[in-house]
Structures are given as structure tokens and as C-alpha cells.
>>> print(open('protein_30.pdb').read())   # PDB, C-alpha atoms
ATOM      1  CA  MET A 155      85.163  -4.245 -63.463  1.00  0.00           C
ATOM      2  CA  ASP A 156      85.502  -4.007 -67.251  1.00  0.00           C
ATOM      3  CA  TRP A 157      81.706  -4.155 -67.498  1.00  0.00           C
ATOM      4  CA  VAL A 158      81.267  -1.454 -64.836  1.00  0.00           C
ATOM      5  CA  ARG A 159      83.864   0.785 -66.480  1.00  0.00           C
ATOM      6  CA  GLY A 160      82.081   0.316 -69.801  1.00  0.00           C
ATOM      7  CA  LEU A 161      78.844   1.570 -68.269  1.00  0.00           C
ATOM      8  CA  GLU A 162      80.647   4.610 -66.889  1.00  0.00           C
ATOM      9  CA  LYS A 163      81.760   5.733 -70.346  1.00  0.00           C
ATOM     10  CA  LYS A 164      79.913   8.447 -72.243  1.00  0.00           C
ATOM     11  CA  SER A 165      79.052   5.956 -74.999  1.00  0.00           C
ATOM     12  CA  ALA A 166      76.953   3.912 -72.539  1.00  0.00           C
ATOM     13  CA  GLU A 167      74.520   6.776 -71.861  1.00  0.00           C
ATOM     14  CA  ARG A 168      70.997   6.343 -73.197  1.00  0.00           C
ATOM     15  CA  ARG A 169      68.896   9.500 -73.439  1.00  0.00           C
ATOM     16  CA  ILE A 170      65.503  10.418 -74.857  1.00  0.00           C
ATOM     17  CA  GLY A 171      65.386  12.966 -77.666  1.00  0.00           C
ATOM     18  CA  ALA A 172      63.291  16.082 -77.075  1.00  0.00           C
ATOM     19  CA  TRP A 173      62.151  19.109 -79.063  1.00  0.00           C
ATOM     20  CA  LEU A 174      62.041  22.479 -77.294  1.00  0.00           C
ATOM     21  CA  LYS A 175      59.948  25.427 -78.497  1.00  0.00           C
ATOM     22  CA  LEU A 176      60.073  28.864 -76.892  1.00  0.00           C
ATOM     23  CA  ASP A 177      57.038  31.048 -77.562  1.00  0.00           C
ATOM     24  CA  GLU A 178      56.464  34.693 -76.800  1.00  0.00           C
ATOM     25  CA  THR A 179      53.122  35.313 -75.023  1.00  0.00           C
ATOM     26  CA  PRO A 180      51.312  38.449 -73.860  1.00  0.00           C
ATOM     27  CA  GLU A 181      52.431  37.606 -70.312  1.00  0.00           C
ATOM     28  CA  GLY A 182      56.038  36.702 -71.141  1.00  0.00           C
ATOM     29  CA  LEU A 183      57.413  33.356 -72.300  1.00  0.00           C
ATOM     30  CA  SER A 184      56.155  29.805 -72.736  1.00  0.00           C
ATOM     31  CA  LEU A 185      58.450  26.801 -73.195  1.00  0.00           C
ATOM     32  CA  THR A 186      57.063  23.533 -74.579  1.00  0.00           C
ATOM     33  CA  ALA A 187      59.083  20.309 -74.393  1.00  0.00           C
ATOM     34  CA  THR A 188      58.050  17.271 -76.462  1.00  0.00           C
ATOM     35  CA  ASP A 189      59.907  13.951 -76.312  1.00  0.00           C
ATOM     36  CA  GLU A 190      60.307  11.428 -79.099  1.00  0.00           C
ATOM     37  CA  ASP A 191      57.615   9.211 -77.541  1.00  0.00           C
ATOM     38  CA  GLY A 192      55.002  11.937 -77.999  1.00  0.00           C
ATOM     39  CA  HIS A 193      54.766  13.216 -74.420  1.00  0.00           C
ATOM     40  CA  SER A 194      54.571  16.978 -74.032  1.00  0.00           C
ATOM     41  CA  ALA A 195      54.667  19.555 -71.237  1.00  0.00           C
ATOM     42  CA  THR A 196      54.672  23.341 -71.027  1.00  0.00           C
ATOM     43  CA  ALA A 197      56.077  25.831 -68.521  1.00  0.00           C
ATOM     44  CA  THR A 198      55.320  29.552 -68.487  1.00  0.00           C
ATOM     45  CA  LEU A 199      57.285  32.559 -67.278  1.00  0.00           C
ATOM     46  CA  PRO A 200      55.570  35.904 -66.664  1.00  0.00           C
ATOM     47  CA  CYS A 201      58.131  38.576 -67.490  1.00  0.00           C
ATOM     48  CA  THR A 202      58.792  41.744 -69.443  1.00  0.00           C
ATOM     49  CA  LEU A 203      60.834  41.049 -72.557  1.00  0.00           C
ATOM     50  CA  GLU A 204      63.541  43.435 -73.657  1.00  0.00           C
ATOM     51  CA  PRO A 205      65.044  43.787 -77.125  1.00  0.00           C
ATOM     52  CA  ALA A 206      68.489  42.232 -77.425  1.00  0.00           C
ATOM     53  CA  LYS A 207      71.457  44.613 -77.518  1.00  0.00           C
ATOM     54  CA  ASP A 208      73.266  42.125 -79.775  1.00  0.00           C
ATOM     55  CA  PRO A 209      70.564  40.859 -82.191  1.00  0.00           C
ATOM     56  CA  ALA A 210      73.077  38.758 -84.161  1.00  0.00           C
ATOM     57  CA  GLN A 211      73.893  36.612 -81.107  1.00  0.00           C
ATOM     58  CA  ALA A 212      70.565  36.727 -79.264  1.00  0.00           C
ATOM     59  CA  ASP A 213      68.923  33.683 -80.882  1.00  0.00           C
ATOM     60  CA  THR A 214      72.111  31.606 -80.648  1.00  0.00           C
ATOM     61  CA  LYS A 215      72.476  32.290 -76.934  1.00  0.00           C
ATOM     62  CA  LEU A 216      68.819  31.465 -76.287  1.00  0.00           C
ATOM     63  CA  ARG A 217      69.115  28.128 -78.110  1.00  0.00           C
ATOM     64  CA  GLU A 218      72.316  27.251 -76.275  1.00  0.00           C
ATOM     65  CA  GLY A 219      70.758  28.096 -72.921  1.00  0.00           C
ATOM     66  CA  LEU A 220      67.647  25.996 -73.590  1.00  0.00           C
ATOM     67  CA  ALA A 221      69.685  23.036 -74.883  1.00  0.00           C
ATOM     68  CA  ARG A 222      71.610  22.640 -71.625  1.00  0.00           C
ATOM     69  CA  LEU A 223      69.700  19.621 -70.347  1.00  0.00           C
ATOM     70  CA  GLY A 224      72.635  18.497 -68.212  1.00  0.00           C
ATOM     71  CA  GLU A 225      72.122  15.261 -66.260  1.00  0.00           C
ATOM     72  CA  THR A 226      68.459  14.861 -67.215  1.00  0.00           C
ATOM     73  CA  ILE A 227      67.240  11.856 -69.184  1.00  0.00           C
ATOM     74  CA  PHE A 228      66.717  14.031 -72.269  1.00  0.00           C
ATOM     75  CA  GLN A 229      68.929  15.312 -75.042  1.00  0.00           C
ATOM     76  CA  PRO A 230      67.874  18.148 -77.368  1.00  0.00           C
ATOM     77  CA  ILE A 231      66.928  17.297 -80.942  1.00  0.00           C
ATOM     78  CA  ASP A 232      65.972  20.823 -81.929  1.00  0.00           C
ATOM     79  CA  VAL A 233      65.327  24.168 -80.258  1.00  0.00           C
ATOM     80  CA  ALA A 234      62.802  26.430 -81.977  1.00  0.00           C
ATOM     81  CA  LEU A 235      62.205  30.107 -81.181  1.00  0.00           C
ATOM     82  CA  ASN A 236      58.847  31.738 -81.893  1.00  0.00           C
ATOM     83  CA  LEU A 237      59.557  35.329 -80.899  1.00  0.00           C
ATOM     84  CA  SER A 238      58.489  38.678 -82.334  1.00  0.00           C
ATOM     85  CA  GLY A 239      62.134  39.681 -82.604  1.00  0.00           C
ATOM     86  CA  PRO A 240      65.577  39.227 -81.048  1.00  0.00           C
ATOM     87  CA  ARG A 241      65.066  39.142 -77.293  1.00  0.00           C
ATOM     88  CA  PHE A 242      67.374  39.220 -74.307  1.00  0.00           C
ATOM     89  CA  VAL A 243      66.411  36.702 -71.596  1.00  0.00           C
ATOM     90  CA  PRO A 244      68.825  36.523 -68.650  1.00  0.00           C
ATOM     91  CA  ALA A 245      69.993  33.097 -67.496  1.00  0.00           C
ATOM     92  CA  SER A 246      68.401  33.742 -64.096  1.00  0.00           C
ATOM     93  CA  LEU A 247      64.996  33.558 -65.822  1.00  0.00           C
ATOM     94  CA  LEU A 248      65.748  31.110 -68.625  1.00  0.00           C
ATOM     95  CA  ASN A 249      67.248  28.357 -66.435  1.00  0.00           C
ATOM     96  CA  PRO A 250      64.253  28.002 -64.064  1.00  0.00           C
ATOM     97  CA  LEU A 251      61.901  27.988 -67.080  1.00  0.00           C
ATOM     98  CA  ARG A 252      63.880  25.181 -68.709  1.00  0.00           C
ATOM     99  CA  ARG A 253      64.032  23.141 -65.486  1.00  0.00           C
ATOM    100  CA  GLU A 254      60.295  23.536 -64.902  1.00  0.00           C
ATOM    101  CA  ALA A 255      59.486  22.386 -68.446  1.00  0.00           C
ATOM    102  CA  ILE A 256      61.758  19.325 -68.201  1.00  0.00           C
ATOM    103  CA  GLU A 257      60.376  18.366 -64.774  1.00  0.00           C
ATOM    104  CA  ALA A 258      56.845  18.649 -66.186  1.00  0.00           C
ATOM    105  CA  LEU A 259      57.852  16.453 -69.130  1.00  0.00           C
ATOM    106  CA  GLU A 260      59.255  13.809 -66.777  1.00  0.00           C
ATOM    107  CA  ALA A 261      55.995  13.923 -64.796  1.00  0.00           C
ATOM    108  CA  ALA A 262      53.982  13.528 -68.011  1.00  0.00           C
ATOM    109  CA  ARG A 263      56.029  10.451 -68.955  1.00  0.00           C
ATOM    110  CA  ALA A 264      55.510   8.946 -65.499  1.00  0.00           C
ATOM    111  CA  ALA A 265      51.749   9.606 -65.638  1.00  0.00           C
ATOM    112  CA  ALA A 266      51.454   7.950 -69.058  1.00  0.00           C
ATOM    113  CA  TRP A 267      53.497   4.873 -68.152  1.00  0.00           C
ATOM    114  CA  THR A 268      51.614   1.594 -68.043  1.00  0.00           C
ATOM    115  CA  ARG A 269      52.916  -1.751 -66.852  1.00  0.00           C
ATOM    116  CA  LEU A 270      53.316  -4.397 -69.517  1.00  0.00           C
ATOM    117  CA  PRO A 271      50.871  -7.298 -69.137  1.00  0.00           C
ATOM    118  CA  ARG A 272      52.294 -10.253 -67.225  1.00  0.00           C
ATOM    119  CA  ALA A 273      53.237 -13.123 -69.494  1.00  0.00           C
ATOM    120  CA  LYS A 274      51.280 -16.329 -69.057  1.00  0.00           C
ATOM    121  CA  PRO A 275      53.295 -19.242 -67.641  1.00  0.00           C
ATOM    122  CA  VAL A 276      54.172 -22.034 -70.029  1.00  0.00           C
ATOM    123  CA  GLU A 277      52.025 -25.116 -69.616  1.00  0.00           C
ATOM    124  CA  PRO A 278      53.108 -27.720 -68.892  1.00  0.00           C
ATOM    125  CA  PRO A 279      55.999 -26.185 -66.901  1.00  0.00           C
ATOM    126  CA  VAL A 280      59.407 -26.507 -68.524  1.00  0.00           C
ATOM    127  CA  ALA A 281      61.427 -29.297 -66.930  1.00  0.00           C
ATOM    128  CA  TYR A 282      64.407 -28.186 -64.840  1.00  0.00           C
ATOM    129  CA  PRO A 283      67.731 -29.499 -66.265  1.00  0.00           C
ATOM    130  CA  GLU A 284      68.394 -31.540 -63.104  1.00  0.00           C
ATOM    131  CA  ASP A 285      66.093 -33.756 -61.053  1.00  0.00           C
ATOM    132  CA  THR A 286      68.222 -33.484 -57.884  1.00  0.00           C
ATOM    133  CA  LEU A 287      69.342 -30.371 -56.029  1.00  0.00           C
ATOM    134  CA  THR A 288      71.950 -30.194 -53.267  1.00  0.00           C
ATOM    135  CA  TYR A 289      72.227 -27.549 -50.570  1.00  0.00           C
ATOM    136  CA  LEU A 290      74.019 -25.396 -53.179  1.00  0.00           C
ATOM    137  CA  ALA A 291      70.654 -24.562 -54.759  1.00  0.00           C
ATOM    138  CA  ASN A 292      69.947 -22.538 -51.588  1.00  0.00           C
ATOM    139  CA  VAL A 293      66.326 -23.684 -51.193  1.00  0.00           C
ATOM    140  CA  PHE A 294      65.390 -22.130 -47.865  1.00  0.00           C
ATOM    141  CA  ASN A 295      61.699 -21.331 -48.125  1.00  0.00           C
ATOM    142  CA  HIS A 296      58.526 -23.010 -49.301  1.00  0.00           C
ATOM    143  CA  LYS A 297      58.089 -20.926 -52.426  1.00  0.00           C
ATOM    144  CA  ALA A 298      61.558 -21.830 -53.696  1.00  0.00           C
ATOM    145  CA  ARG A 299      60.925 -25.478 -52.951  1.00  0.00           C
ATOM    146  CA  ASP A 300      57.502 -25.420 -54.634  1.00  0.00           C
ATOM    147  CA  PHE A 301      59.007 -23.770 -57.703  1.00  0.00           C
ATOM    148  CA  TYR A 302      61.566 -26.532 -58.243  1.00  0.00           C
ATOM    149  CA  ALA A 303      58.990 -29.237 -57.516  1.00  0.00           C
ATOM    150  CA  LYS A 304      56.663 -27.691 -60.077  1.00  0.00           C
ATOM    151  CA  HIS A 305      59.424 -27.952 -62.670  1.00  0.00           C
ATOM    152  CA  GLY A 306      60.034 -31.626 -62.041  1.00  0.00           C
ATOM    153  CA  VAL A 307      62.861 -31.720 -59.484  1.00  0.00           C
ATOM    154  CA  LYS A 308      62.392 -34.835 -57.368  1.00  0.00           C
ATOM    155  CA  VAL A 309      65.062 -34.596 -54.660  1.00  0.00           C
ATOM    156  CA  ILE A 310      65.550 -31.166 -53.046  1.00  0.00           C
ATOM    157  CA  ALA A 311      68.050 -30.693 -50.241  1.00  0.00           C
ATOM    158  CA  ALA A 312      67.565 -27.816 -47.807  1.00  0.00           C
ATOM    159  CA  ALA A 313      69.817 -24.756 -47.965  1.00  0.00           C
ATOM    160  CA  TYR A 314      72.991 -24.653 -45.883  1.00  0.00           C
ATOM    161  CA  GLU A 315      71.329 -22.062 -43.612  1.00  0.00           C
ATOM    162  CA  SER A 316      68.784 -24.663 -42.556  1.00  0.00           C
ATOM    163  CA  HIS A 317      71.595 -26.312 -40.495  1.00  0.00           C
ATOM    164  CA  GLU A 318      71.052 -29.789 -41.929  1.00  0.00           C
ATOM    165  CA  GLU A 319      74.620 -30.164 -43.272  1.00  0.00           C
ATOM    166  CA  ALA A 320      76.551 -31.487 -40.265  1.00  0.00           C
ATOM    167  CA  GLY A 321      79.702 -32.545 -42.162  1.00  0.00           C
ATOM    168  CA  GLU A 322      82.195 -30.688 -44.311  1.00  0.00           C
ATOM    169  CA  VAL A 323      80.833 -29.055 -47.445  1.00  0.00           C
ATOM    170  CA  SER A 324      81.973 -26.462 -49.960  1.00  0.00           C
ATOM    171  CA  LEU A 325      81.218 -23.105 -48.381  1.00  0.00           C
ATOM    172  CA  MET A 326      82.547 -21.162 -51.357  1.00  0.00           C
ATOM    173  CA  ILE A 327      83.380 -22.075 -54.955  1.00  0.00           C
ATOM    174  CA  THR A 328      85.522 -19.457 -56.653  1.00  0.00           C
ATOM    175  CA  LYS A 329      87.653 -18.905 -59.725  1.00  0.00           C
ATOM    176  CA  HIS A 330      90.228 -17.191 -57.512  1.00  0.00           C
ATOM    177  CA  CYS A 331      92.829 -19.839 -56.752  1.00  0.00           C
ATOM    178  CA  VAL A 332      95.374 -19.563 -53.956  1.00  0.00           C
ATOM    179  CA  ARG A 333      97.463 -22.253 -55.579  1.00  0.00           C
ATOM    180  CA  PHE A 334      97.649 -20.201 -58.787  1.00  0.00           C
ATOM    181  CA  SER A 335      98.568 -17.066 -56.794  1.00  0.00           C
ATOM    182  CA  LEU A 336     101.471 -18.969 -55.193  1.00  0.00           C
ATOM    183  CA  SER A 337     102.671 -20.243 -58.597  1.00  0.00           C
ATOM    184  CA  LEU A 338     101.774 -23.811 -57.584  1.00  0.00           C
ATOM    185  CA  CYS A 339      99.233 -24.450 -60.331  1.00  0.00           C
ATOM    186  CA  PRO A 340      99.902 -27.722 -62.190  1.00  0.00           C
ATOM    187  CA  LYS A 341      98.846 -26.022 -65.421  1.00  0.00           C
ATOM    188  CA  GLN A 342     101.519 -23.387 -64.897  1.00  0.00           C
ATOM    189  CA  ALA A 343     104.159 -26.065 -64.302  1.00  0.00           C
ATOM    190  CA  LYS A 344     103.151 -28.119 -67.328  1.00  0.00           C
ATOM    191  CA  GLY A 345     106.108 -28.503 -69.685  1.00  0.00           C
ATOM    192  CA  VAL A 346     108.635 -26.964 -67.290  1.00  0.00           C
ATOM    193  CA  THR A 347     111.533 -29.371 -66.901  1.00  0.00           C
ATOM    194  CA  GLY A 348     112.050 -30.600 -63.353  1.00  0.00           C
ATOM    195  CA  VAL A 349     108.803 -29.074 -62.091  1.00  0.00           C
ATOM    196  CA  GLN A 350     106.000 -31.153 -63.582  1.00  0.00           C
ATOM    197  CA  GLY A 351     104.945 -33.820 -61.110  1.00  0.00           C
ATOM    198  CA  THR A 352     106.866 -32.276 -58.210  1.00  0.00           C
ATOM    199  CA  VAL A 353     104.423 -29.481 -57.347  1.00  0.00           C
ATOM    200  CA  LYS A 354     102.592 -30.439 -54.184  1.00  0.00           C
ATOM    201  CA  ALA A 355     100.103 -27.889 -52.854  1.00  0.00           C
ATOM    202  CA  GLU A 356      97.716 -30.016 -50.852  1.00  0.00           C
ATOM    203  CA  PRO A 357      96.669 -30.072 -48.129  1.00  0.00           C
ATOM    204  CA  MET A 358      96.205 -26.307 -47.905  1.00  0.00           C
ATOM    205  CA  GLN A 359      94.209 -24.441 -45.278  1.00  0.00           C
ATOM    206  CA  LEU A 360      92.984 -20.973 -44.451  1.00  0.00           C
ATOM    207  CA  ILE A 361      93.362 -20.310 -40.729  1.00  0.00           C
ATOM    208  CA  ASN A 362      91.560 -17.518 -38.900  1.00  0.00           C
ATOM    209  CA  GLY A 363      91.971 -17.813 -35.142  1.00  0.00           C
ATOM    210  CA  ASN A 364      90.580 -21.218 -34.146  1.00  0.00           C
ATOM    211  CA  GLU A 365      88.749 -21.668 -37.431  1.00  0.00           C
ATOM    212  CA  LYS A 366      90.350 -23.745 -40.164  1.00  0.00           C
ATOM    213  CA  LEU A 367      89.012 -24.037 -43.693  1.00  0.00           C
ATOM    214  CA  THR A 368      90.370 -26.603 -46.128  1.00  0.00           C
ATOM    215  CA  LEU A 369      91.096 -25.645 -49.719  1.00  0.00           C
ATOM    216  CA  ARG A 370      90.361 -28.170 -52.451  1.00  0.00           C
ATOM    217  CA  PHE A 371      91.127 -27.606 -56.093  1.00  0.00           C
ATOM    218  CA  ASP A 372      89.112 -28.738 -59.096  1.00  0.00           C
ATOM    219  CA  CYS A 373      91.565 -27.973 -61.875  1.00  0.00           C
ATOM    220  CA  LYS A 374      89.459 -29.003 -64.866  1.00  0.00           C
ATOM    221  CA  PRO A 375      86.978 -26.097 -64.498  1.00  0.00           C
ATOM    222  CA  CYS A 376      89.642 -23.989 -62.698  1.00  0.00           C
ATOM    223  CA  GLU A 377      87.730 -23.747 -59.418  1.00  0.00           C
ATOM    224  CA  MET A 378      88.814 -23.581 -55.807  1.00  0.00           C
ATOM    225  CA  HIS A 379      86.509 -24.930 -53.066  1.00  0.00           C
ATOM    226  CA  VAL A 380      86.684 -23.496 -49.563  1.00  0.00           C
ATOM    227  CA  VAL A 381      85.532 -26.400 -47.404  1.00  0.00           C
ATOM    228  CA  GLY A 382      84.300 -26.288 -43.848  1.00  0.00           C
ATOM    229  CA  LYS A 383      81.495 -27.416 -41.601  1.00  0.00           C
ATOM    230  CA  MET A 384      78.823 -25.816 -39.484  1.00  0.00           C
ATOM    231  CA  ARG A 385      80.026 -24.712 -36.077  1.00  0.00           C
ATOM    232  CA  PRO A 386      78.636 -26.924 -33.304  1.00  0.00           C
ATOM    233  CA  ALA A 387      77.076 -23.955 -31.510  1.00  0.00           C
ATOM    234  CA  VAL A 388      75.258 -22.894 -34.651  1.00  0.00           C
ATOM    235  CA  LEU A 389      74.166 -26.453 -35.382  1.00  0.00           C
ATOM    236  CA  LYS A 390      72.705 -26.828 -31.902  1.00  0.00           C
ATOM    237  CA  ALA A 391      70.806 -23.571 -32.264  1.00  0.00           C
ATOM    238  CA  GLY A 392      68.554 -25.200 -34.855  1.00  0.00           C
ATOM    239  CA  GLN A 393      66.736 -23.630 -37.753  1.00  0.00           C
ATOM    240  CA  THR A 394      65.542 -20.069 -37.524  1.00  0.00           C
ATOM    241  CA  SER A 395      62.794 -20.798 -40.062  1.00  0.00           C
ATOM    242  CA  PRO A 396      62.116 -24.547 -40.276  1.00  0.00           C
ATOM    243  CA  LEU A 397      61.308 -25.921 -43.696  1.00  0.00           C
ATOM    244  CA  LYS A 398      58.297 -28.046 -44.369  1.00  0.00           C
ATOM    245  CA  PHE A 399      59.013 -30.814 -46.863  1.00  0.00           C
ATOM    246  CA  TYR A 400      56.131 -32.595 -48.532  1.00  0.00           C
ATOM    247  CA  ARG A 401      55.819 -36.357 -48.747  1.00  0.00           C
ATOM    248  CA  THR A 402      54.290 -35.956 -52.186  1.00  0.00           C
ATOM    249  CA  ARG A 403      54.555 -33.275 -54.805  1.00  0.00           C
ATOM    250  CA  PRO A 404      51.913 -30.583 -54.186  1.00  0.00           C
ATOM    251  CA  GLY A 405      48.793 -31.408 -56.170  1.00  0.00           C
ATOM    252  CA  SER A 406      49.961 -34.921 -56.899  1.00  0.00           C
ATOM    253  CA  THR A 407      49.883 -38.361 -55.285  1.00  0.00           C
ATOM    254  CA  ILE A 408      53.299 -39.271 -56.685  1.00  0.00           C
ATOM    255  CA  PRO A 409      55.830 -39.685 -53.834  1.00  0.00           C
ATOM    256  CA  LEU A 410      58.906 -37.488 -53.912  1.00  0.00           C
TER     257      LEU A 410
END
>>> encode(input="protein_30.pdb", output="C-alpha cells")
Amino acid sequence: MDWVRGLEKKSAERRIGAWLKLDETPEGLSLTATDEDGHSATATLPCTLEPAKDPAQADTKLREGLARLGETIFQPIDVALNLSGPRFVPASLLNPLRREAIEALEAARAAAWTRLPRAKPVEPPVAYPEDTLTYLANVFNHKARDFYAKHGVKVIAAAYESHEEAGEVSLMITKHCVRFSLSLCPKQAKGVTGVQGTVKAEPMQLINGNEKLTLRFDCKPCEMHVVGKMRPAVLKAGQTSPLKFYRTRPGSTIPL
């Protein structure tokens, strides 16, 4: 949540700088937007320009109106006015012109975007840190299995969803600890006179209707394991997508 809240702050916003230039044309107005990556787009507005009644404030109001890029991906670097004199442009005309120019700039960026070339895989493939994988690796399809085999894993158990784990296994491993929440953590009791050695929290179970899940605690890494086994009805149903396991590593004669 701290990470998410950090992204929601104003300081986490990343925007692209853009220069805006408003030109007076024989037909009316032209607005050109250029981003810091060199992309440019122009929008035009046929209209009849009127002299500003307040020349001292006219240019300031035009710049402020053009700089309101709101929730777009751009932020204004500079707003330039190339007009024959102080002009009054109502917001009802200026806002659509600005939106059209920014939309055109976004389209120009999208049209110029090119995908980076795919990196070449390292040869020989980097060895995986372990040569044995349990069901916890969640290998449930051939591509996942081939990937690990390619990187040197020799023993690969099928994912829990393949219904090959008939006994009790860890269904969830979490840092949230029920024993800690109930003030029964041995680390909490350490050094408290009359408590250390007397705290007994096991066995502990989660019960939901007829289903019972055993809780086991691995205190060294501060982890709680929720342990259970596949329901008989699910186990009898068999695999929805059976896995094919190779006798030898693909492309090799070396037995797995």
C-alpha cells in the first residue's frame, strides 16, 4: 500500500515537455505543438479575430489558456504567440483548438513509435539456481516445463492444479501469521518472565464448514503455511489439461 500511495502522489507523475506556438493566419489561428522528442502536430481554427479590449492582459490569458494541458501526458515548457497584435480568443474556441493539437501530437507519437529489437537469448542458457522443482513452481504447461528443462532443471514436479498431489501440502505460504495476531508468537514472548517456553499454539486449524486447514509455522523466515489436501471429488475428476513429461530432455539423449 505504501508503494501504491507513492504512485498516487503528484511527485510520481511523469510527463513529456511540449512547446506550444499560436500563429495568426489569413483564415484564423494555427496552433503547433512540439514535444521534447521532436514530434510535432498542428491544428487550425478558421475564425475572425477581434482586437482585445484589455491589451495588457490579452497575451497572458491566451498563454494560460493554451497551457492548460490537464490530464494529458504533456506539460508545457513554453507558449509562444505569433500574432499581429493583442487578440481576444474566447475559451469556447481556444479549448477545442488546444485539444485538437494535443490529440494530433499524441497520434504523431504513436505513428512514430517503433518496437525495440528483441534481445538475443544467452547461449548457453543460464543455469537455473535449483535443479529440482516442486509443485510450488506451478509448472502446468509444456512451455513452462520446457523452459526449466532448457535451463538445466532435472526434476520438475507438476503444478498443484494437475491433481498429482494426493497428500497434504502447503496451499498458501504467507507472512501474515495468525499466531502473531493472537500474541502467541515465540519471538514476542522471548525474554518475558514466565511466558517463554509456555506458549503453545499448535496444532491450529482454520475451519470453514466441513473443510479444515492446518496451520504450520516456520518462525525463522517468519512464514505461516496453510496446509491441506486435494478434495477427493476434485482428485477423481482428473486433470483438465494433462501434462506430457519427457523421458529425456528435449533435444538430448540424457535421461531426466
>>> atom_distance(input="protein_30.pdb", atom1="atom CA of A:Asn249", atom2="atom CA of A:Leu203")
15.5 Å
>>> resolve_selection(input="protein_30.pdb", expression="the PyMOL selection byres ((chain A and resi 370) around 12)", output="list in words")
Glu322, Val323, Ser324, Leu325, Met326, Ile327, Thr328, Cys331, Val332, Arg333, Ala355, Glu356, Pro357, Met358, Gln359, Leu360, Leu367, Thr368, Leu369, Phe371, Asp372, Cys373, Cys376, Glu377, Met378, His379, Val380, Val381 and Gly382 of chain A
>>> closest_residue(input="protein_30.pdb", among="A:Pro200, A:Pro275, A:Pro209, A:Gly363", to="A:Leu247", atoms="only C-alpha atoms")
A:Pro200
>>> residues_around(input="protein_30.pdb", residues="stretch 177-181 of chain A", least_positions_apart="3", cutoff="10 Å", atoms="only C-alpha atoms", output="number ranges by chain")
A: 174, 184-186, 198-203, 234-239, 241
>>> residues_around(input="protein_30.pdb", residues="stretch 266-273 of chain A", least_positions_apart="4", cutoff="12 Å", atoms="all atoms listed in the file", output="count of residues only")
8
>>> resolve_selection(input="protein_30.pdb", expression="the PyMOL selection byres ((chain A and resi 189) around 12)", output="short mmCIF file (atom, residue, chain, number, x, y, z; two decimals) with C-alpha atoms, keeping the file's coordinate frame")
data_model
loop_
_atom_site.label_atom_id
_atom_site.label_comp_id
_atom_site.auth_asym_id
_atom_site.auth_seq_id
_atom_site.Cartn_x
_atom_site.Cartn_y
_atom_site.Cartn_z
CA ARG A 169 68.90 9.50 -73.44
CA ILE A 170 65.50 10.42 -74.86
CA GLY A 171 65.39 12.97 -77.67
CA ALA A 172 63.29 16.08 -77.08
CA TRP A 173 62.15 19.11 -79.06
CA LEU A 174 62.04 22.48 -77.29
CA LYS A 175 59.95 25.43 -78.50
CA THR A 186 57.06 23.53 -74.58
CA ALA A 187 59.08 20.31 -74.39
CA THR A 188 58.05 17.27 -76.46
CA GLU A 190 60.31 11.43 -79.10
CA ASP A 191 57.62 9.21 -77.54
CA GLY A 192 55.00 11.94 -78.00
CA HIS A 193 54.77 13.22 -74.42
CA SER A 194 54.57 16.98 -74.03
CA ALA A 195 54.67 19.56 -71.24
CA THR A 196 54.67 23.34 -71.03
CA ILE A 227 67.24 11.86 -69.18
CA PHE A 228 66.72 14.03 -72.27
CA GLN A 229 68.93 15.31 -75.04
CA PRO A 230 67.87 18.15 -77.37
CA ILE A 231 66.93 17.30 -80.94
CA ASP A 232 65.97 20.82 -81.93
CA ALA A 255 59.49 22.39 -68.45
CA ILE A 256 61.76 19.32 -68.20
CA ALA A 258 56.84 18.65 -66.19
CA LEU A 259 57.85 16.45 -69.13
CA GLU A 260 59.26 13.81 -66.78
CA ALA A 262 53.98 13.53 -68.01
CA ARG A 263 56.03 10.45 -68.96
#
>>> residues_around(input="protein_30.pdb", residues="A:Gly306", least_positions_apart="2", cutoff="6 Å", atoms="only C-alpha atoms", output="ChimeraX atom specification")
/A:281,303-304
>>> atom_distance(input="protein_30.pdb", atom1="atom CA of A:Ser337", atom2="atom CA of A:Met155")
24.2 Å
